[in-house]
Amino acid sequence: MNKKPIQKIVIAGGGSAGWMVAAALSKLLNKSLEISLIESEEIGRIGVGEATIPPLKTFNQLLGINEQDFMKSCQSTFKLGIEFQNWGNKGDKYIHSFGETGKICWAGEFQHFWLAGVEKGLDGEFGDYCLELKAARQGKFGMRDLSKINYAYHLDAGRYAEYLKKFSIQHGLKRIEGKIVDVNLNSESGFIESLLLENGDILEGDLFIDCTGFVGRLIEGALHTGYESYGHLLPCDAAIAVQSEKFGEPRPYTQSIAHDFGWQWRIPLQNRVGNGLVFCHRYTSDDEAISLILDNLESPAITEPKVLKYHTGRRIKGWNKNCVAIGLSSGFLEPVESTAIHLIMASVLRLMRLFPHHEIKQSNIDEYNNQTKEEMERIRDFIILHYKATDREDSPFWRFCKNMEVPDTLSHRIELFKDTGRVCITQTELFKIDSWTQVMMGQGIMPEQYHQIVDQMKEGELARFLGQLSSMVDNELAQMPTHQQFIDSYCKAN
């Protein structure tokens, strides 16, 4: 291991990953470090990750970013969840929201009480007890002092990178324009010593952050770290991105619409709509996929469709020697649950918690890699659930998904929920009980029983309990403005 103190950090690559790393390190660690970021305007950015999940709020708050200013700059709207269409069966529709549904007790989660209510003939959908879900359906959004509404953002990823770029430079980061043509390694340790740029400059560093995208110029190109494929579990291997004109008032949720060989996203910003199609090359061609997405836009396209090829999986080591891969260089899990930007954020925070100020130790590297592996696999399983939990057999793609083998960890969760109504998760998991419950029931996995503790409630008590919870949601909802009204008063872009 390298016993040299970490003084110089070099970030290779910009985009969302590079500038999120730069913003966090320059704001929180810059007093003792020299931080540089190298990027090339010629290479550009992928920049299609426009939907996020709630932890991004925490990241921005950690940096001291003003929410209204950030949202105006990034043409942002609010996101309360994702609406899934045609996933369990054609014609199905449900929302995976960010909110908590009902209340839990020591013996069981809220789904047990709701399931008992269904069996006893009490009216009410599961989503009636979730403020975020009902607000999404009604196109409402609002925040008050007593409200605990949980939300994320739809944002322009390119604008977000530019916002963080200015933020980072203000906090002392040095940006270098250039292309990396070679990576120089120490002949004894194998650590990266410097980067050779196209203009002949040499950029030395003690710790290198690889944000060079799928290619992994440092982590793979130089260190040959290796890649674990998830392609047999997540069959889609390409996406098409295209922007279209603004369409009506923006929905406070992302749409995910399943088609015969993949699924389509719609992400409403203040000034336009982000659209895309995730698909599998084994079941269609680029041309057919492009035709499908263009035929299913709600408004005229304002950009040409861009085809992106990818390979789901993860780098075997997210941290190898003195190089940490963050963003697409570390792996990719496809965008169905909008986790790409979250995984960048999680990697940045993990690096800062385990930062090797004095020297790089293998135990520290191992802990980082173990945590990264566990997080990737937990999120992977949740994404696989969307494909596996289907009754669709109307196309070769969906027949494959319905019948494919899945990890034992996911099989157990599905069977446990089906048999008992229980969802058992660890404290560190990103997707909590409400998420698993909403997706499983939304796609047709219904429990065969509920926890019998519910039956100890006195006659009429369950009905009153459910009624009170539903009324609380409706009362809160009645005081909310529409999503558009709130944007206009809070963060309307110029």
# chains A, B, ... in the order shown; residues from 1 in each chain; ligands from 1
call {"tool": "select_by_dssp", "arguments": {"residues": "range 246-311 of chain A", "states": "strand (DSSP E or B)", "output": "MDAnalysis selection string"}}
result
chainID A and resid 254:259 262:268 272:279 301 306:309
call {"tool": "residues_around", "arguments": {"residues": "Trp319 in chain A", "least_positions_apart": "5", "cutoff": "9 Å", "atoms": "only C-alpha atoms", "output": "VMD selection string"}}
result
chain A and resid 219 324 to 325 330 365 to 366 368 to 369
call {"tool": "write_last_selection", "arguments": {"atoms": "N, CA and C atoms", "output": "PDB file, in the first residue's frame"}}
result
ATOM      1  N   ILE A 219      -9.776   3.028 -14.210  1.00  0.00           N
ATOM      2  CA  ILE A 219     -10.061   1.840 -13.409  1.00  0.00           C
ATOM      3  C   ILE A 219      -9.956   0.562 -14.230  1.00  0.00           C
ATOM      4  N   VAL A 324     -10.463   5.401  -7.530  1.00  0.00           N
ATOM      5  CA  VAL A 324     -11.851   5.140  -7.167  1.00  0.00           C
ATOM      6  C   VAL A 324     -12.732   5.472  -8.364  1.00  0.00           C
ATOM      7  N   ALA A 325     -13.522   4.495  -8.805  1.00  0.00           N
ATOM      8  CA  ALA A 325     -14.437   4.710  -9.928  1.00  0.00           C
ATOM      9  C   ALA A 325     -15.785   5.175  -9.396  1.00  0.00           C
ATOM     10  N   SER A 330     -18.027   2.907 -12.640  1.00  0.00           N
ATOM     11  CA  SER A 330     -18.094   1.909 -11.571  1.00  0.00           C
ATOM     12  C   SER A 330     -19.154   0.847 -11.825  1.00  0.00           C
ATOM     13  N   ILE A 365      -9.851   0.137   1.669  1.00  0.00           N
ATOM     14  CA  ILE A 365     -10.302  -0.184   0.315  1.00  0.00           C
ATOM     15  C   ILE A 365     -11.322  -1.313   0.351  1.00  0.00           C
ATOM     16  N   ASP A 366     -11.022  -2.361   1.126  1.00  0.00           N
ATOM     17  CA  ASP A 366     -11.916  -3.520   1.207  1.00  0.00           C
ATOM     18  C   ASP A 366     -13.284  -3.134   1.749  1.00  0.00           C
ATOM     19  N   TYR A 368     -14.747  -0.167   1.575  1.00  0.00           N
ATOM     20  CA  TYR A 368     -15.431   0.588   0.523  1.00  0.00           C
ATOM     21  C   TYR A 368     -16.026  -0.371  -0.504  1.00  0.00           C
ATOM     22  N   ASN A 369     -15.233  -1.333  -0.944  1.00  0.00           N
ATOM     23  CA  ASN A 369     -15.697  -2.259  -1.985  1.00  0.00           C
ATOM     24  C   ASN A 369     -16.806  -3.166  -1.485  1.00  0.00           C
TER      25      ASN A 369
END
call {"tool": "atom_distance", "arguments": {"atom1": "CA of Pro396 in chain A", "atom2": "CA of Lys90 in chain A"}}
result
14.5 Å
call {"tool": "select_by_dssp", "arguments": {"residues": "range 137-311 of chain A", "states": "alpha helix (DSSP H)", "output": "PDB file with N, CA and C atoms, in the first residue's frame"}}
result
ATOM      1  N   ARG A 137     -51.288  11.427  -8.077  1.00  0.00           N
ATOM      2  CA  ARG A 137     -52.458  11.141  -8.915  1.00  0.00           C
ATOM      3  C   ARG A 137     -53.251  12.396  -9.245  1.00  0.00           C
ATOM      4  N   GLN A 138     -53.337  13.305  -8.282  1.00  0.00           N
ATOM      5  CA  GLN A 138     -54.153  14.499  -8.472  1.00  0.00           C
ATOM      6  C   GLN A 138     -53.356  15.684  -9.014  1.00  0.00           C
ATOM      7  N   ALA A 157     -29.879  17.261 -16.440  1.00  0.00           N
ATOM      8  CA  ALA A 157     -28.604  16.752 -15.932  1.00  0.00           C
ATOM      9  C   ALA A 157     -27.430  17.600 -16.396  1.00  0.00           C
ATOM     10  N   GLY A 158     -27.491  18.098 -17.618  1.00  0.00           N
ATOM     11  CA  GLY A 158     -26.426  18.961 -18.113  1.00  0.00           C
ATOM     12  C   GLY A 158     -26.342  20.260 -17.335  1.00  0.00           C
ATOM     13  N   ARG A 159     -27.499  20.843 -17.043  1.00  0.00           N
ATOM     14  CA  ARG A 159     -27.526  22.073 -16.259  1.00  0.00           C
ATOM     15  C   ARG A 159     -27.062  21.827 -14.826  1.00  0.00           C
ATOM     16  N   TYR A 160     -27.401  20.662 -14.286  1.00  0.00           N
ATOM     17  CA  TYR A 160     -26.959  20.335 -12.926  1.00  0.00           C
ATOM     18  C   TYR A 160     -25.437  20.236 -12.869  1.00  0.00           C
ATOM     19  N   ALA A 161     -24.844  19.592 -13.876  1.00  0.00           N
ATOM     20  CA  ALA A 161     -23.380  19.506 -13.934  1.00  0.00           C
ATOM     21  C   ALA A 161     -22.763  20.901 -14.016  1.00  0.00           C
ATOM     22  N   GLU A 162     -23.360  21.793 -14.833  1.00  0.00           N
ATOM     23  CA  GLU A 162     -22.842  23.159 -14.945  1.00  0.00           C
ATOM     24  C   GLU A 162     -22.999  23.925 -13.628  1.00  0.00           C
ATOM     25  N   TYR A 163     -24.105  23.693 -12.953  1.00  0.00           N
ATOM     26  CA  TYR A 163     -24.348  24.344 -11.659  1.00  0.00           C
ATOM     27  C   TYR A 163     -23.272  23.935 -10.659  1.00  0.00           C
ATOM     28  N   LEU A 164     -22.992  22.630 -10.596  1.00  0.00           N
ATOM     29  CA  LEU A 164     -21.975  22.136  -9.671  1.00  0.00           C
ATOM     30  C   LEU A 164     -20.572  22.542 -10.104  1.00  0.00           C
ATOM     31  N   LYS A 165     -20.375  22.697 -11.390  1.00  0.00           N
ATOM     32  CA  LYS A 165     -19.075  23.161 -11.900  1.00  0.00           C
ATOM     33  C   LYS A 165     -18.762  24.547 -11.337  1.00  0.00           C
ATOM     34  N   LYS A 166     -19.696  25.480 -11.457  1.00  0.00           N
ATOM     35  CA  LYS A 166     -19.494  26.825 -10.925  1.00  0.00           C
ATOM     36  C   LYS A 166     -19.304  26.778  -9.412  1.00  0.00           C
ATOM     37  N   PHE A 167     -20.095  25.951  -8.761  1.00  0.00           N
ATOM     38  CA  PHE A 167     -20.013  25.795  -7.303  1.00  0.00           C
ATOM     39  C   PHE A 167     -18.623  25.311  -6.899  1.00  0.00           C
ATOM     40  N   SER A 168     -18.111  24.311  -7.599  1.00  0.00           N
ATOM     41  CA  SER A 168     -16.810  23.714  -7.262  1.00  0.00           C
ATOM     42  C   SER A 168     -15.673  24.694  -7.465  1.00  0.00           C
ATOM     43  N   ILE A 169     -15.691  25.409  -8.581  1.00  0.00           N
ATOM     44  CA  ILE A 169     -14.634  26.374  -8.870  1.00  0.00           C
ATOM     45  C   ILE A 169     -14.630  27.489  -7.827  1.00  0.00           C
ATOM     46  N   GLN A 170     -15.820  27.900  -7.393  1.00  0.00           N
ATOM     47  CA  GLN A 170     -15.919  28.907  -6.337  1.00  0.00           C
ATOM     48  C   GLN A 170     -15.283  28.431  -5.033  1.00  0.00           C
ATOM     49  N   ASP A 286     -32.302  -1.064 -33.530  1.00  0.00           N
ATOM     50  CA  ASP A 286     -32.261   0.357 -33.212  1.00  0.00           C
ATOM     51  C   ASP A 286     -33.347   1.115 -33.965  1.00  0.00           C
ATOM     52  N   ASP A 287     -33.511   0.806 -35.241  1.00  0.00           N
ATOM     53  CA  ASP A 287     -34.488   1.525 -36.059  1.00  0.00           C
ATOM     54  C   ASP A 287     -35.905   1.327 -35.548  1.00  0.00           C
ATOM     55  N   GLU A 288     -36.241   0.089 -35.199  1.00  0.00           N
ATOM     56  CA  GLU A 288     -37.593  -0.182 -34.687  1.00  0.00           C
ATOM     57  C   GLU A 288     -37.807   0.517 -33.353  1.00  0.00           C
ATOM     58  N   ALA A 289     -36.776   0.526 -32.510  1.00  0.00           N
ATOM     59  CA  ALA A 289     -36.885   1.191 -31.210  1.00  0.00           C
ATOM     60  C   ALA A 289     -37.049   2.701 -31.376  1.00  0.00           C
ATOM     61  N   ILE A 290     -36.290   3.287 -32.292  1.00  0.00           N
ATOM     62  CA  ILE A 290     -36.414   4.726 -32.547  1.00  0.00           C
ATOM     63  C   ILE A 290     -37.817   5.059 -33.048  1.00  0.00           C
ATOM     64  N   SER A 291     -38.315   4.245 -33.938  1.00  0.00           N
ATOM     65  CA  SER A 291     -39.660   4.466 -34.466  1.00  0.00           C
ATOM     66  C   SER A 291     -40.700   4.404 -33.351  1.00  0.00           C
ATOM     67  N   LEU A 292     -40.530   3.464 -32.433  1.00  0.00           N
ATOM     68  CA  LEU A 292     -41.495   3.308 -31.333  1.00  0.00           C
ATOM     69  C   LEU A 292     -41.500   4.537 -30.430  1.00  0.00           C
ATOM     70  N   ILE A 293     -40.323   5.014 -30.042  1.00  0.00           N
ATOM     71  CA  ILE A 293     -40.296   6.148 -29.120  1.00  0.00           C
ATOM     72  C   ILE A 293     -40.824   7.407 -29.793  1.00  0.00           C
ATOM     73  N   LEU A 294     -40.489   7.621 -31.058  1.00  0.00           N
ATOM     74  CA  LEU A 294     -40.981   8.820 -31.748  1.00  0.00           C
ATOM     75  C   LEU A 294     -42.494   8.777 -31.918  1.00  0.00           C
ATOM     76  N   ASP A 295     -43.047   7.586 -32.111  1.00  0.00           N
ATOM     77  CA  ASP A 295     -44.502   7.439 -32.265  1.00  0.00           C
ATOM     78  C   ASP A 295     -45.239   7.638 -30.944  1.00  0.00           C
TER      79      ASP A 295
END
call {"tool": "residues_around", "arguments": {"residues": "range 241-249 of chain A", "least_positions_apart": "3", "cutoff": "9 Å", "atoms": "only C-alpha atoms", "output": "list in words"}}
result
Val48, Gly139, Pro268, Leu269, Gln270, Asn271, Arg272, Val273, Gly274, Asn275, Gly276, Leu277, Val278, Ile293, Leu294, Leu297, Glu298, Ser299, Pro300, Ala301, Ile302, Thr303, Glu304, Pro305, Lys306, Val307, Leu308, His483 and Gln484 of chain A
call {"tool": "residues_around", "arguments": {"residues": "Leu462 in chain A", "least_positions_apart": "4", "cutoff": "9 Å", "atoms": "only C-alpha atoms", "output": "list of chain:residue names"}}
result
A:Phe113, A:Ala116, A:Gly117, A:Val454, A:Asp455, A:Met457, A:Lys458, A:Leu466, A:Gly467
call {"tool": "write_last_selection", "arguments": {"atoms": "C-alpha atoms", "output": "compact mmCIF listing (two decimals), in the first residue's frame"}}
result
# COMPACT_ATOMS: atom_id res chain seq x y z
CA PHE A 113 -53.85 -3.90 8.35
CA ALA A 116 -57.20 -7.46 6.78
CA GLY A 117 -59.47 -4.60 5.77
CA VAL A 454 -54.53 -7.38 13.35
CA ASP A 455 -57.37 -9.68 14.38
CA MET A 457 -58.30 -5.32 17.24
CA LYS A 458 -61.85 -4.94 18.57
CA LEU A 466 -58.11 2.93 8.42
CA GLY A 467 -60.68 5.71 8.12
call {"tool": "residues_around", "arguments": {"residues": "range 487-494 of chain A", "least_positions_apart": "4", "cutoff": "7 Å", "atoms": "only C-alpha atoms", "output": "JSON, numbers by chain"}}
result
{"A": [68, 71, 72, 73, 75, 483]}
call {"tool": "write_last_selection", "arguments": {"atoms": "C-alpha atoms", "output": "mmCIF file, in the first residue's frame"}}
result
data_model
loop_
_atom_site.group_PDB
_atom_site.id
_atom_site.type_symbol
_atom_site.label_atom_id
_atom_site.label_comp_id
_atom_site.auth_asym_id
_atom_site.auth_seq_id
_atom_site.Cartn_x
_atom_site.Cartn_y
_atom_site.Cartn_z
ATOM 1 C CA GLN A 68 -34.953 27.337 -5.105
ATOM 2 C CA MET A 71 -34.310 24.252 -9.204
ATOM 3 C CA LYS A 72 -34.538 27.461 -11.228
ATOM 4 C CA SER A 73 -31.102 26.858 -12.723
ATOM 5 C CA GLN A 75 -35.416 23.789 -14.961
ATOM 6 C CA HIS A 483 -47.867 21.121 -8.937
#
call {"tool": "closest_residue", "arguments": {"among": "A:Arg217, A:Arg175, A:His451, A:Lys418", "to": "Ser329 in chain A", "atoms": "only C-alpha atoms"}}
result
A:Arg217
call {"tool": "closest_residue", "arguments": {"among": "A:Gln449, A:Ser435, A:Thr372, A:Ser36", "to": "Val423 in chain A", "atoms": "only C-alpha atoms"}}
result
A:Ser435
call {"tool": "atom_distance", "arguments": {"atom1": "CA of Glu448 in chain A", "atom2": "CA of Val473 in chain A"}}
result
27.5 Å
call {"tool": "atom_distance", "arguments": {"atom1": "CA of Ile453 in chain A", "atom2": "CA of Gly124 in chain A"}}
result
20.5 Å
call {"tool": "residues_around", "arguments": {"residues": "Leu196 in chain A", "least_positions_apart": "6", "cutoff": "6 Å", "atoms": "only C-alpha atoms", "output": "ChimeraX atom specification"}}
result
/A:180-182,202
call {"tool": "write_last_selection", "arguments": {"atoms": "N, CA and C atoms", "output": "short mmCIF file (atom, residue, chain, number, x, y, z; two decimals), in the first residue's frame"}}
result
data_model
loop_
_atom_site.label_atom_id
_atom_site.label_comp_id
_atom_site.auth_asym_id
_atom_site.auth_seq_id
_atom_site.Cartn_x
_atom_site.Cartn_y
_atom_site.Cartn_z
N ILE A 180 -7.09 12.89 -21.90
CA ILE A 180 -6.11 11.96 -21.35
C ILE A 180 -5.68 11.00 -22.46
N VAL A 181 -4.37 10.92 -22.70
CA VAL A 181 -3.86 10.01 -23.73
C VAL A 181 -3.10 8.84 -23.13
N ASP A 182 -2.68 8.95 -21.86
CA ASP A 182 -1.98 7.83 -21.24
C ASP A 182 -2.07 7.95 -19.73
N ILE A 202 1.64 16.80 -17.92
CA ILE A 202 1.54 15.65 -17.03
C ILE A 202 0.88 16.11 -15.74
#
call {"tool": "closest_atom_pairs", "arguments": {"of": "range 322-422 of chain A", "to": "range 77-88 of chain A", "cutoff": "8 Å", "atoms": "only C-alpha atoms", "output": "CSV"}}
result
residue,atom,partner,partner_atom,distance
A:Glu337,CA,A:Ile82,CA,7.8
A:His386,CA,A:Trp87,CA,7.3
A:Tyr387,CA,A:Trp87,CA,7.6
A:Ala389,CA,A:Gly88,CA,6.5
A:Thr390,CA,A:Gly88,CA,4.2
A:Asp391,CA,A:Gly88,CA,5.6
A:Arg392,CA,A:Gly88,CA,6.4
call {"tool": "closest_residue", "arguments": {"among": "A:Ile209, A:Leu385, A:Ala239, A:Ile267", "to": "Leu195 in chain A", "atoms": "only C-alpha atoms"}}
result
A:Ile209
call {"tool": "closest_residue", "arguments": {"among": "A:Ile9, A:Ile433, A:Ala346, A:Leu416", "to": "Tyr450 in chain A", "atoms": "only C-alpha atoms"}}
result
A:Leu416
call {"tool": "closest_residue", "arguments": {"among": "A:Val10, A:Leu343, A:Asp394, A:His311", "to": "His259 in chain A", "atoms": "only C-alpha atoms"}}
result
A:Asp394
